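Structure data (compact mmCIF, C-alpha atoms) from coords-v5.txt:
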# COMPACT_ATOMS: atom_id res chain seq x y z
CA MET L 1 -0.87 19.19 -3.16
CA ASN L 2 -0.91 18.20 -6.83
CA ALA L 3 0.71 15.11 -8.28
CA PHE L 4 4.31 15.56 -7.18
CA GLY L 5 4.41 17.89 -4.25
CA THR L 6 3.50 21.40 -5.42
CA PRO L 7 0.70 23.23 -3.55
CA ARG L 8 -2.80 22.06 -4.42
CA ARG L 9 -5.46 24.55 -5.40
CA ALA L 10 -9.00 24.04 -4.19
CA LEU L 11 -11.03 21.71 -6.38
CA VAL L 12 -14.59 22.77 -7.16
CA GLY L 13 -17.28 20.86 -9.01
CA VAL L 14 -17.48 17.37 -10.42
CA ALA L 15 -14.78 15.26 -12.14
CA ALA L 16 -12.00 17.82 -12.53
CA LEU L 17 -10.30 16.26 -15.55
CA ALA L 18 -6.87 16.74 -17.05
CA VAL L 19 -5.17 18.73 -14.31
CA ALA L 20 -1.64 19.14 -15.69
CA LEU L 21 1.70 18.58 -13.98
CA GLY L 22 4.90 19.66 -15.70
CA ALA L 23 7.21 17.95 -13.16
CA GLY L 24 10.21 19.67 -14.71
CA THR L 25 10.20 17.41 -17.77
CA GLY L 26 8.03 19.40 -20.12
CA THR L 27 5.55 16.52 -20.20
CA ALA L 28 2.28 16.80 -18.33
CA LEU L 29 0.99 14.09 -16.04
CA ALA L 30 -2.78 14.02 -16.43
CA LEU L 31 -4.75 13.89 -13.21
CA TRP L 32 -8.42 13.37 -12.63
CA ASP L 33 -10.91 13.47 -9.80
CA ASP L 34 -12.92 10.27 -9.95
CA THR L 35 -15.21 11.15 -7.04
CA GLU L 36 -18.51 12.86 -7.67
CA GLN L 37 -17.98 15.55 -5.06
CA PHE L 38 -14.95 17.00 -3.33
CA SER L 39 -14.60 16.05 0.35
CA ALA L 40 -12.24 17.90 2.65
CA GLU L 41 -12.04 14.87 4.92
CA VAL L 42 -10.79 12.36 2.37
CA GLY L 43 -9.28 14.67 -0.21
CA SER L 44 -10.13 14.81 -3.88
CA GLY L 45 -9.40 11.23 -4.89
CA MET L 46 -6.90 12.57 -7.40
CA VAL L 47 -4.93 9.92 -9.29
CA GLY L 48 -2.03 10.04 -11.74
CA PHE L 49 -0.30 7.26 -13.68
CA ALA L 50 2.44 7.44 -16.33
CA ILE L 51 5.14 5.20 -17.84
CA GLY L 52 8.23 5.72 -19.97
CA LYS L 53 11.95 5.12 -20.23
CA PRO L 54 13.77 6.28 -17.08
CA GLY L 55 14.53 9.99 -17.12
CA ALA L 56 12.91 10.55 -20.51
CA ALA L 57 10.68 13.57 -21.06
CA ASP L 58 8.47 11.59 -23.42
CA ARG L 59 6.14 9.56 -21.22
CA THR L 60 2.85 7.83 -21.85
CA VAL L 61 0.24 9.33 -19.55
CA ALA L 62 -3.10 7.88 -18.49
CA ALA L 63 -6.00 10.15 -19.37
CA GLY L 64 -8.36 8.24 -17.10
CA PRO L 65 -8.75 5.07 -15.04
CA ALA L 66 -9.65 2.89 -18.04
CA ASP L 67 -6.52 3.70 -20.06
CA ARG L 68 -4.09 0.98 -21.15
CA LEU L 69 -0.56 2.34 -21.47
CA ALA L 70 1.72 0.67 -24.03
CA PHE L 71 5.49 0.26 -23.68
CA PRO L 72 7.01 -1.02 -26.96
CA LEU L 73 10.03 -3.22 -27.60
CA GLY L 74 10.95 -3.18 -31.27
CA PRO L 75 13.66 -2.79 -33.92
CA ASP L 76 15.96 -0.53 -31.86
CA GLU L 77 16.14 -2.95 -28.96
CA ALA L 78 16.35 -5.93 -31.35
CA THR L 79 19.39 -4.35 -33.05
CA THR L 80 21.30 -4.25 -29.77
CA LEU L 81 20.14 -7.76 -28.91
CA LEU L 82 21.31 -9.23 -32.23
CA ASP L 83 24.60 -7.28 -32.31
CA THR L 84 25.69 -7.94 -28.71
CA GLY L 85 23.66 -10.97 -27.70
CA GLU L 86 21.91 -9.13 -24.88
CA VAL L 87 19.90 -6.02 -24.08
CA ALA L 88 18.40 -4.42 -20.97
CA VAL L 89 15.47 -2.00 -21.22
CA GLY L 90 14.38 0.08 -18.23
CA ILE L 91 10.82 1.21 -17.58
CA GLN L 92 9.83 3.98 -15.15
CA VAL L 93 6.37 4.01 -13.57
CA ASP L 94 5.10 7.18 -11.86
CA ALA L 95 2.02 6.80 -9.68
CA ARG L 96 0.09 9.20 -7.49
CA ALA L 97 -3.05 8.80 -5.42
CA ASP L 98 -4.59 10.73 -2.56
CA GLY L 99 -7.81 10.91 -0.62
CA ASN L 100 -7.23 7.50 1.01
CA LYS L 101 -7.02 5.80 -2.35
CA GLY L 102 -4.67 2.90 -3.00
CA LEU L 103 -3.25 2.38 -6.49
CA SER L 104 -2.21 -0.93 -8.04
CA TYR L 105 -1.06 -1.70 -11.55
CA ALA L 106 -0.29 -4.72 -13.71
CA LEU L 107 1.94 -5.48 -16.69
CA ASP L 108 0.50 -7.70 -19.42
CA LEU L 109 3.43 -9.32 -21.22
CA PRO L 110 3.37 -9.82 -25.00
CA ASP L 111 3.26 -12.96 -27.09
CA LEU L 112 6.69 -13.31 -28.71
CA PRO L 113 6.67 -14.86 -32.22
CA ALA L 114 9.08 -17.79 -32.39
CA ASP L 115 10.77 -16.45 -35.52
CA SER L 116 11.46 -13.00 -34.05
CA ILE L 117 14.69 -11.91 -32.37
CA PHE L 118 13.00 -11.40 -29.00
CA GLY L 119 11.09 -14.65 -29.47
CA SER L 120 14.44 -16.42 -29.90
CA SER L 121 15.76 -14.99 -26.62
CA THR L 122 15.44 -15.67 -22.93
CA VAL L 123 13.52 -12.64 -21.63
CA ARG L 124 13.33 -11.85 -17.91
CA VAL L 125 11.23 -9.08 -16.35
CA TYR L 126 12.41 -7.67 -13.01
CA ARG L 127 11.22 -4.97 -10.67
CA VAL L 128 14.35 -3.10 -9.60
CA ASP L 129 15.16 -0.43 -7.03
CA SER L 130 16.49 2.19 -9.45
CA ALA L 131 17.09 2.92 -13.10
CA ALA L 132 20.81 2.25 -12.59
CA ALA L 133 20.06 -1.27 -11.34
CA CYS L 134 18.79 -2.31 -14.78
CA SER L 135 21.65 -4.19 -16.44
CA ALA L 136 21.98 -6.84 -19.13
CA HIS L 137 24.69 -8.47 -17.03
CA GLY L 138 22.21 -9.60 -14.42
CA ILE L 139 20.02 -8.38 -11.58
CA THR L 140 21.40 -9.35 -8.19
CA GLY L 141 19.35 -10.20 -5.14
CA ARG L 142 15.95 -10.44 -6.80
CA PRO L 143 14.32 -13.18 -8.89
CA PRO L 144 12.51 -12.22 -12.08
CA ALA L 145 8.79 -11.52 -11.90
CA ALA L 146 8.35 -13.41 -15.18
CA THR L 147 10.59 -15.36 -17.59
CA TYR L 148 10.17 -16.22 -21.27
CA THR L 149 12.11 -19.27 -22.47
CA PRO L 150 12.63 -19.57 -26.25
CA ALA L 151 12.59 -22.77 -28.28
CA ASP L 152 16.40 -23.04 -28.14
CA PRO L 153 17.99 -20.85 -25.47
CA ASP L 154 21.57 -22.18 -25.41
CA GLY L 155 23.00 -19.98 -28.19
CA ASP L 156 25.35 -22.64 -29.55
CA GLY L 157 24.67 -21.73 -33.18
CA THR L 158 22.52 -24.77 -33.97
CA PHE L 159 18.76 -24.52 -33.72
CA GLU L 160 17.29 -27.51 -31.90
CA PRO L 161 13.76 -26.50 -30.93
CA GLY L 162 11.95 -27.31 -27.72
CA PRO L 163 8.95 -25.82 -25.90
CA ALA L 164 8.77 -22.03 -25.64
CA GLY L 165 6.72 -19.56 -23.61
CA TRP L 166 6.33 -17.44 -20.48
CA ASP L 167 6.21 -18.99 -17.03
CA ARG L 168 3.62 -16.28 -16.33
CA THR L 169 2.21 -13.62 -18.64
CA TRP L 170 1.81 -10.77 -16.15
CA ALA L 171 3.40 -8.98 -13.22
CA SER L 172 1.97 -6.46 -10.76
CA SER L 173 2.72 -3.98 -8.00
CA THR L 174 0.90 -1.81 -5.44
CA PRO L 175 3.03 1.33 -5.08
CA VAL L 176 0.40 3.40 -3.24
CA ARG L 177 -1.31 1.95 -0.19
CA ALA L 178 -4.89 2.79 0.78
CA ASP L 179 -4.32 3.44 4.50
CA TYR L 180 -2.75 6.91 4.45
CA ASP L 181 -3.96 10.41 5.24
CA ASP L 182 -1.84 12.58 2.93
CA ASP L 183 -0.98 12.75 -0.75
CA TRP L 184 1.17 9.83 -1.84
CA THR L 185 3.44 9.57 -4.85
CA ALA L 186 5.70 6.74 -5.95
CA THR L 187 8.18 5.99 -8.70
CA GLU L 188 9.00 2.38 -9.50
CA TYR L 189 11.34 0.81 -12.04
CA TRP L 190 11.18 -2.34 -14.11
CA CYS L 191 13.91 -3.96 -16.18
CA VAL L 192 13.44 -6.21 -19.21
CA VAL L 193 16.59 -8.28 -19.83
CA ALA L 194 16.90 -10.37 -23.02
CA THR L 195 19.69 -12.85 -23.85
CA LEU L 196 19.80 -14.16 -27.41
CA GLY L 197 19.48 -17.89 -28.03
CA ASP L 198 19.48 -19.69 -31.38
CA LEU L 199 17.35 -18.40 -34.22
CA PRO L 200 15.32 -20.80 -36.38
CA ASP L 201 17.49 -20.26 -39.48
CA GLU L 202 20.79 -20.90 -37.68
CA GLY L 203 22.60 -24.20 -37.81
CA SER L 204 25.27 -26.22 -39.56
CA TYR L 205 25.47 -28.91 -42.16
CA THR L 206 27.96 -31.64 -43.01
CA ASN L 207 28.54 -33.09 -46.48
CA THR L 208 30.46 -36.23 -47.34
CA ALA L 209 31.62 -37.14 -50.85
CA THR L 210 32.89 -40.58 -51.84
CA VAL L 211 34.72 -41.40 -55.08
CA SER L 212 35.56 -44.92 -56.25
CA VAL L 213 37.76 -45.91 -59.17
CA GLU L 214 38.79 -49.30 -60.51
CA VAL L 215 42.34 -49.79 -61.78
CA ASP L 216 43.54 -53.14 -63.14
CA GLY L 217 40.77 -54.94 -61.34
CA ASP L 218 41.34 -53.20 -58.00
CA THR L 219 38.87 -50.69 -56.56
CA TYR L 220 40.17 -47.60 -54.84
CA THR L 221 37.88 -45.39 -52.72
CA ALA L 222 38.44 -41.87 -51.42
CA GLU L 223 36.15 -39.98 -49.05
CA ASP L 224 36.07 -36.34 -47.99
CA THR L 225 33.88 -34.56 -45.45
CA TRP L 226 33.32 -30.87 -44.96
CA ARG L 227 31.20 -28.80 -42.58
CA ALA L 228 29.69 -25.32 -42.84
CA ASP L 229 27.89 -23.07 -40.37
CA VAL L 230 24.72 -21.24 -41.37
CA THR L 231 24.29 -17.84 -39.73
CA THR L 232 20.98 -16.10 -39.30
CA ALA L 233 19.53 -13.80 -41.91
CA ALA L 234 17.39 -12.04 -39.29
CA ASP L 235 17.08 -8.29 -39.84
CA PRO L 236 16.27 -6.16 -36.76
CA ALA L 237 14.48 -3.70 -39.02
CA ASP L 238 11.86 -6.40 -39.59
CA GLU L 239 11.32 -7.05 -35.88
CA PRO L 240 7.67 -6.64 -34.91
CA THR L 241 6.77 -4.38 -32.02
CA HIS L 242 6.27 -6.32 -28.79
CA THR L 243 4.02 -4.31 -26.47
CA ILE L 244 3.96 -4.48 -22.68
CA ASN L 245 0.57 -3.12 -21.59
CA PHE L 246 0.13 -1.38 -18.24
CA THR L 247 -3.25 -1.14 -16.53
CA HIS L 248 -4.05 0.31 -13.12
CA SER L 249 -6.85 0.49 -10.58
CA THR L 250 -7.64 2.19 -7.28
CA THR L 251 -9.11 0.94 -4.02
CA ARG L 252 -10.41 2.38 -0.76
CA PRO L 253 -9.30 1.11 2.67
CA GLY L 254 -10.84 -2.26 3.36
CA GLU L 255 -11.55 -3.06 -0.29
Can the structure from this file be put into C-alpha cells for me?
Amino acid sequence: MNAFGTPRRALVGVAALAVALGAGTGTALALWDDTEQFSAEVGSGMVGFAIGKPGAADRTVAAGPADRLAFPLGPDEATTLLDTGEVAVGIQVDARADGNKGLSYALDLPDLPADSIFGSSTVRVYRVDSAAACSAHGITGRPPAATYTPADPDGDGTFEPGPAGWDRTWASSTPVRADYDDDWTATEYWCVVATLGDLPDEGSYTNTATVSVEVDGDTYTAEDTWRADVTTAADPADEPTHTINFTHSTTRPGE
C-alpha cells in the first residue's frame, strides 16, 4: 500500500525517493524509503509527513526525515485577533509509516515579541480530536499542551506589564506506533487559540487643572479633572510571522 491506502507497487533498489501521493487534494505527499534494501518481512520502511490547514489542498510536505516544516501565524490571523479579540487556527498533521516503524513528531513554539499582537495575547495550543473541535470559544475536556501568557492578559484597556512567556516551548505526539505489522496512517489536529490582552501602547490618562483668583483680598480656587483613554495604534499588517516548526522521527520496536 502507498501512503493512504492505495495498492503499493513493488519497490526495487535503494532509497526510493519522492514517491508521490495525490490523496484527492492535488497536492503530493512525498514518501521515501530510508532503508538500504527492501525487505518483504518488514516492508519498505516508507514514511510520509505533511502539515497544513485542515482540508486545504496546499500542504507543507516533508521531503526527507531531516526536514523542518513551518506553519506560520501572521497578519491574517492577527487581523482577526485585533478585530474580534480572539482567533482559533487549526493545523492538520498527516503521518504515515510502515515496515514496523513508529513515527513521532514535535512542535517547536515561537518566541512572541512583547509588542506584537500575538505577543500581547494569551495563546493556548491544544491537540484536538477533529478540525471542527478547534474553536476560539474554548476547547472542552482537554487541557492545553502549552500556554503563552502575555505581559498584561486581562484586556481591561490599561497596560500594566508583568512577566510573559510560555509555560513550555514545545509539544509532541506519537501518531504511529512501532509494534504493528501493516501500513499505518494517521491524521491529527492541533488548535492554536489566542485571546487578546492589553497592548503596550494602550492605557488612559487623567489631567487635573486648578485655577486660583484673588478678589478683594479673598482667594477663590476652581479645579477640574478629565480622563481620556488611549487606544492601540497596532496595525495587523505589521505583525511579524510567528512560525511553529514541526520535526519528526522514526523508531523501530524496542527503540
Env of range 235-250 of chain L: 9 Å cut, atoms = all atoms listed in the file, seq-sep filter 3 positions within chain, self excluded. Answer as a VMD selection string.
chain L and resid 47 49 51 65 to 82 97 101 to 113 116 to 118 178 232
Point-to-point distance in Å for CA of Ala234 in chain L and CA of Lys53 in chain L:
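Interatomic distance here is 26.2 Å.
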May I ask for the distance between CA of Gly157 in chain L and CA of Ala194 in chain L, given in Å to one decimal place?
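One can read the CA of Gly157 in chain L to CA of Ala194 in chain L distance as 17.1 Å.
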With distances taken over only C-alpha atoms, which of L:Gly138, L:Pro200, L:Pro143, L:Gly119 is nearest to Gly165 in chain L?
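Using only C-alpha atoms, the shortest distance to Gly165 in chain L belongs to L:Gly119.
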Calculate how many Å separate CA of Ser130 in chain L from CA of Cys191 in chain L, rounding to one decimal.
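Spanning CA of Ser130 in chain L to CA of Cys191 in chain L is a straight-line distance of 9.5 Å.
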Nearest residue to Val192 in chain L from the set L:Met46, L:Ala88, L:Val61, L:Ala56 (distances using only C-alpha atoms):
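Nearest to Val192 in chain L: L:Ala88.
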With a distance cut-off of 7 Å and only C-alpha atoms, select the neighbouring residues of Gly52 in chain L, excluding the residue or stretch itself and same-chain residues fewer than 6 positions from it, and output the selection as a ChimeraX atom specification.
/L:58-60,91-93
What's the 12 Å shell around Ala114 in chain L, counting all atoms listed in the file, without same-chain residues fewer than 4 positions away, as JSON, numbers by chain?
{"L": [118, 119, 120, 121, 122, 148, 149, 150, 151, 152, 153, 159, 161, 162, 163, 164, 165, 197, 198, 199, 200, 201, 239, 240]}
Check the smallest atom-to-atom distance from each of L:Asp218, L:Asp156, L:Thr187, L:Arg124 to Trp170 in chain L using only C-alpha atoms, then report the winner.
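For Trp170 in chain L, the nearest of the given residues is L:Arg124.
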What are the centre and the three edge lengths of an axis-aligned box that wraps all atoms of range 127-135 of chain L in the file, given that 4 Å is added to every side, written as JSON and rounded to one decimal in Å?
{"center_x": 16.4, "center_y": -1.0, "center_z": -11.7, "size_x": 18.4, "size_y": 15.9, "size_z": 17.4}
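Proximity of L:Thr158, L:Ser173, L:Thr195, L:Thr251 to Glu86 in chain L, computed with all atoms listed in the file, is greatest for L:Thr195.
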Who sits within 7 Å of Val193 in chain L, only C-alpha atoms, same chain under 3 positions skipped, as a CSV table (one decimal) with C-alpha atoms, keeping the file's coordinate frame:
chain,number,residue,atom,x,y,z
L,87,VAL,CA,19.9,-6.0,-24.1
L,88,ALA,CA,18.4,-4.4,-21.0
L,89,VAL,CA,15.5,-2.0,-21.2
L,123,VAL,CA,13.5,-12.6,-21.6
L,124,ARG,CA,13.3,-11.8,-17.9
L,125,VAL,CA,11.2,-9.1,-16.4
L,136,ALA,CA,22.0,-6.8,-19.1
Here is a test: counting only C-alpha atoms, which residue of L:Gly155, L:Gly55, L:Ala62, L:Thr169 is nearest to Ala95 in chain L?
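Among the listed residues, L:Ala62 lies closest to Ala95 in chain L.
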Please complete range 146-175 of chain L so it has N, CA and C atoms, and hand it over as a JSON list (two decimals), keeping the file's coordinate frame.
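Generated output (out-v2.json):
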[["chain", "number", "residue", "atom", "x", "y", "z"],
["L", 146, "ALA", "N", 8.82, -12.53, -14.11],
["L", 146, "ALA", "CA", 8.35, -13.41, -15.18],
["L", 146, "ALA", "C", 9.53, -13.72, -16.09],
["L", 147, "THR", "N", 9.51, -14.92, -16.70],
["L", 147, "THR", "CA", 10.59, -15.36, -17.59],
["L", 147, "THR", "C", 10.00, -16.00, -18.84],
["L", 148, "TYR", "N", 10.51, -15.57, -20.00],
["L", 148, "TYR", "CA", 10.17, -16.22, -21.27],
["L", 148, "TYR", "C", 11.34, -17.08, -21.69],
["L", 149, "THR", "N", 11.09, -18.35, -21.98],
["L", 149, "THR", "CA", 12.11, -19.27, -22.47],
["L", 149, "THR", "C", 11.85, -19.56, -23.94],
["L", 150, "PRO", "N", 12.84, -19.32, -24.83],
["L", 150, "PRO", "CA", 12.63, -19.57, -26.25],
["L", 150, "PRO", "C", 12.76, -21.05, -26.59],
["L", 151, "ALA", "N", 12.53, -21.37, -27.85],
["L", 151, "ALA", "CA", 12.59, -22.77, -28.28],
["L", 151, "ALA", "C", 13.98, -23.36, -28.12],
["L", 152, "ASP", "N", 15.02, -22.55, -28.30],
["L", 152, "ASP", "CA", 16.40, -23.04, -28.14],
["L", 152, "ASP", "C", 17.23, -21.95, -27.49],
["L", 153, "PRO", "N", 17.35, -21.96, -26.17],
["L", 153, "PRO", "CA", 17.99, -20.85, -25.47],
["L", 153, "PRO", "C", 19.51, -20.91, -25.38],
["L", 154, "ASP", "N", 20.16, -22.02, -25.79],
["L", 154, "ASP", "CA", 21.57, -22.18, -25.41],
["L", 154, "ASP", "C", 22.54, -21.35, -26.24],
["L", 155, "GLY", "N", 22.13, -20.86, -27.41],
["L", 155, "GLY", "CA", 23.00, -19.98, -28.19],
["L", 155, "GLY", "C", 24.24, -20.64, -28.74],
["L", 156, "ASP", "N", 24.17, -21.94, -29.04],
["L", 156, "ASP", "CA", 25.35, -22.64, -29.55],
["L", 156, "ASP", "C", 25.48, -22.59, -31.06],
["L", 157, "GLY", "N", 24.58, -21.88, -31.73],
["L", 157, "GLY", "CA", 24.67, -21.73, -33.18],
["L", 157, "GLY", "C", 23.91, -22.76, -33.97],
["L", 158, "THR", "N", 23.32, -23.74, -33.29],
["L", 158, "THR", "CA", 22.52, -24.77, -33.97],
["L", 158, "THR", "C", 21.13, -24.78, -33.37],
["L", 159, "PHE", "N", 20.13, -24.60, -34.20],
["L", 159, "PHE", "CA", 18.76, -24.52, -33.72],
["L", 159, "PHE", "C", 18.19, -25.91, -33.52],
["L", 160, "GLU", "N", 17.90, -26.24, -32.27],
["L", 160, "GLU", "CA", 17.29, -27.51, -31.90],
["L", 160, "GLU", "C", 16.08, -27.17, -31.03],
["L", 161, "PRO", "N", 14.90, -27.08, -31.63],
["L", 161, "PRO", "CA", 13.76, -26.50, -30.93],
["L", 161, "PRO", "C", 13.18, -27.37, -29.83],
["L", 162, "GLY", "N", 12.70, -26.70, -28.81],
["L", 162, "GLY", "CA", 11.95, -27.31, -27.72],
["L", 162, "GLY", "C", 10.76, -26.43, -27.40],
["L", 163, "PRO", "N", 10.10, -26.66, -26.27],
["L", 163, "PRO", "CA", 8.95, -25.82, -25.90],
["L", 163, "PRO", "C", 9.37, -24.39, -25.58],
["L", 164, "ALA", "N", 8.49, -23.45, -25.88],
["L", 164, "ALA", "CA", 8.77, -22.03, -25.64],
["L", 164, "ALA", "C", 7.56, -21.39, -24.97],
["L", 165, "GLY", "N", 7.82, -20.31, -24.20],
["L", 165, "GLY", "CA", 6.72, -19.56, -23.61],
["L", 165, "GLY", "C", 7.10, -18.92, -22.29],
["L", 166, "TRP", "N", 6.17, -18.09, -21.77],
["L", 166, "TRP", "CA", 6.33, -17.44, -20.48],
["L", 166, "TRP", "C", 5.98, -18.40, -19.35],
["L", 167, "ASP", "N", 6.66, -18.26, -18.21],
["L", 167, "ASP", "CA", 6.21, -18.99, -17.03],
["L", 167, "ASP", "C", 5.00, -18.31, -16.40],
["L", 168, "ARG", "N", 4.84, -17.02, -16.65],
["L", 168, "ARG", "CA", 3.62, -16.28, -16.33],
["L", 168, "ARG", "C", 3.56, -15.08, -17.26],
["L", 169, "THR", "N", 2.37, -14.65, -17.61],
["L", 169, "THR", "CA", 2.21, -13.62, -18.64],
["L", 169, "THR", "C", 1.89, -12.25, -18.06],
["L", 170, "TRP", "N", 2.12, -12.05, -16.77],
["L", 170, "TRP", "CA", 1.81, -10.77, -16.15],
["L", 170, "TRP", "C", 2.71, -10.58, -14.93],
["L", 171, "ALA", "N", 2.75, -9.34, -14.48],
["L", 171, "ALA", "CA", 3.40, -8.98, -13.22],
["L", 171, "ALA", "C", 2.62, -7.81, -12.65],
["L", 172, "SER", "N", 2.78, -7.51, -11.36],
["L", 172, "SER", "CA", 1.97, -6.46, -10.76],
["L", 172, "SER", "C", 2.69, -5.83, -9.58],
["L", 173, "SER", "N", 2.17, -4.69, -9.15],
["L", 173, "SER", "CA", 2.72, -3.98, -8.00],
["L", 173, "SER", "C", 1.64, -3.07, -7.41],
["L", 174, "THR", "N", 1.78, -2.76, -6.12],
["L", 174, "THR", "CA", 0.90, -1.81, -5.44],
["L", 174, "THR", "C", 1.78, -0.73, -4.83],
["L", 175, "PRO", "N", 2.11, 0.31, -5.59],
["L", 175, "PRO", "CA", 3.03, 1.33, -5.08],
["L", 175, "PRO", "C", 2.40, 2.31, -4.10]]
